[in-house]
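Here is the structure we will look at, set down as structure tokens.
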Amino acid sequence: MAEHTSSSITIEAAPADVMGVISDFDRYPEWTGEVKEAEVLSTDDQGRAEKVRLVLDAGAIKDDHTLAYTWTGDHEVSWTLVKSQMLRAIDGSYVLAPLGGDRTQVTYRLTVDVKIPMLGMIKRKAEKVIIDRALAGLKKRVESVPKG
């Protein structure tokens, strides 16, 4: 499962504002498209989500799954699968790179392994759709939130 799909986007906001939207799981259904429900099951000592249950509908991939999140500093979050109905594994991350001023490059990396047989090409296409929609939704959401 070494293959992954990755894409980046530049968002006109400071990294802290971008991470603020990424870490606000309760609002994911408002901007992600694929996430229909999100529920934080546990948090770390800084109040950041450690385990999150997500109900996903991404066309070819529909699932109710739980992810474990790892926060690295203020500019990176990654996740792995805890349990799922349809997925064998899901590994992903958002990495934020400050570009100066109020600009941030966000890189989203995702690897999905489903329990049902699926051609690698179709799986990569599904990953790409999830990534592209998430980045576009994240950019729109962050840039529409009033600053300060």
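Here's how to read the names in the structure tokens: chain A, B, ... by the order shown, residue numbers from 1 in each chain, ligand numbers from 1 in the order shown.
Residues with any atom within 9 Å of range 24-29 of chain A, counting only C-alpha atoms and excluding same-chain neighbours fewer than 4 positions away, are Met19, Gly20, Gly33, Glu34, Val35, Lys36, Glu37, Ala38, Glu39, Val40, Ala49 and Val52 of chain A.
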>> Applying 12 Å and only C-alpha atoms, which residues near Tyr108 in chain A remain after dropping the ones on its own chain fewer than 6 positions away? List them as an NGL selection string.
In response: :A and (4-10 or 22 or 76-79 or 91-97 or 127-136 or 138)
> Hey, what does DSSP flag as alpha helix (DSSP H) within chain A? Can you give it to me as an MDAnalysis selection string?
Replying inline: chainID A and resid 15:22 28:31 120:144
> What does the distance between CA of Leu81 in chain A and CA of Asp45 in chain A come to in Å, to one decimal place?
Replying inline: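 Separating CA of Leu81 in chain A from CA of Asp45 in chain A is a distance of 21.1 Å.
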> Near Ser144 in chain A, within 12 Å and counting only C-alpha atoms, which residues show up once chain neighbours fewer than 6 positions away are dropped, as number ranges by chain?
Replying inline: A: 11-13, 17-18, 21, 31, 137-138
>> Could you go through chain A and tell me which residues DSSP, when run on the backbone, assigns to strand (DSSP E or B), listing them as a PyMOL selection string?
In response: chain A and resi 5-11+35-43+49-58+61-72+76-84+87-98+104-114
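The smallest atom-to-atom distance between Val106 in chain A and any of A:Gly59, A:Val142, A:Thr70, A:Arg53, using only C-alpha atoms, is found for A:Val142.
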Glu50 in chain A environment, 9 Å, only C-alpha atoms, sequence neighbours closer than 3 positions dropped, as a PDB file with N, CA and C atoms, in the first residue's frame:
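Saved result, selection_17.pdb, follows:
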ATOM      1  N   VAL A  40     -16.335  13.871  16.986  1.00  0.00           N
ATOM      2  CA  VAL A  40     -15.082  13.706  17.720  1.00  0.00           C
ATOM      3  C   VAL A  40     -15.349  12.766  18.888  1.00  0.00           C
ATOM      4  N   LEU A  41     -14.625  11.648  18.924  1.00  0.00           N
ATOM      5  CA  LEU A  41     -14.817  10.634  19.966  1.00  0.00           C
ATOM      6  C   LEU A  41     -13.872  10.833  21.151  1.00  0.00           C
ATOM      7  N   SER A  42     -12.674  11.387  20.883  1.00  0.00           N
ATOM      8  CA  SER A  42     -11.728  11.655  21.971  1.00  0.00           C
ATOM      9  C   SER A  42     -10.773  12.768  21.537  1.00  0.00           C
ATOM     10  N   THR A  43     -10.221  13.463  22.546  1.00  0.00           N
ATOM     11  CA  THR A  43      -9.285  14.559  22.284  1.00  0.00           C
ATOM     12  C   THR A  43      -8.008  14.376  23.094  1.00  0.00           C
ATOM     13  N   ASP A  44      -6.933  15.046  22.659  1.00  0.00           N
ATOM     14  CA  ASP A  44      -5.678  14.989  23.398  1.00  0.00           C
ATOM     15  C   ASP A  44      -5.667  16.054  24.489  1.00  0.00           C
ATOM     16  N   GLY A  47      -6.771  19.488  23.565  1.00  0.00           N
ATOM     17  CA  GLY A  47      -8.116  19.663  23.053  1.00  0.00           C
ATOM     18  C   GLY A  47      -8.274  19.341  21.572  1.00  0.00           C
ATOM     19  N   LEU A  67     -11.197   7.339  12.507  1.00  0.00           N
ATOM     20  CA  LEU A  67      -9.792   7.631  12.236  1.00  0.00           C
ATOM     21  C   LEU A  67      -9.098   8.111  13.504  1.00  0.00           C
ATOM     22  N   ALA A  68      -7.814   7.773  13.605  1.00  0.00           N
ATOM     23  CA  ALA A  68      -6.971   8.268  14.695  1.00  0.00           C
ATOM     24  C   ALA A  68      -6.075   9.367  14.130  1.00  0.00           C
ATOM     25  N   TYR A  69      -6.059  10.519  14.786  1.00  0.00           N
ATOM     26  CA  TYR A  69      -5.307  11.681  14.310  1.00  0.00           C
ATOM     27  C   TYR A  69      -4.063  11.914  15.149  1.00  0.00           C
ATOM     28  N   THR A  70      -2.975  12.316  14.468  1.00  0.00           N
ATOM     29  CA  THR A  70      -1.718  12.677  15.115  1.00  0.00           C
ATOM     30  C   THR A  70      -1.360  14.085  14.664  1.00  0.00           C
ATOM     31  N   TRP A  71      -1.168  14.971  15.625  1.00  0.00           N
ATOM     32  CA  TRP A  71      -0.858  16.372  15.345  1.00  0.00           C
ATOM     33  C   TRP A  71       0.628  16.588  15.562  1.00  0.00           C
TER      34      TRP A  71
END
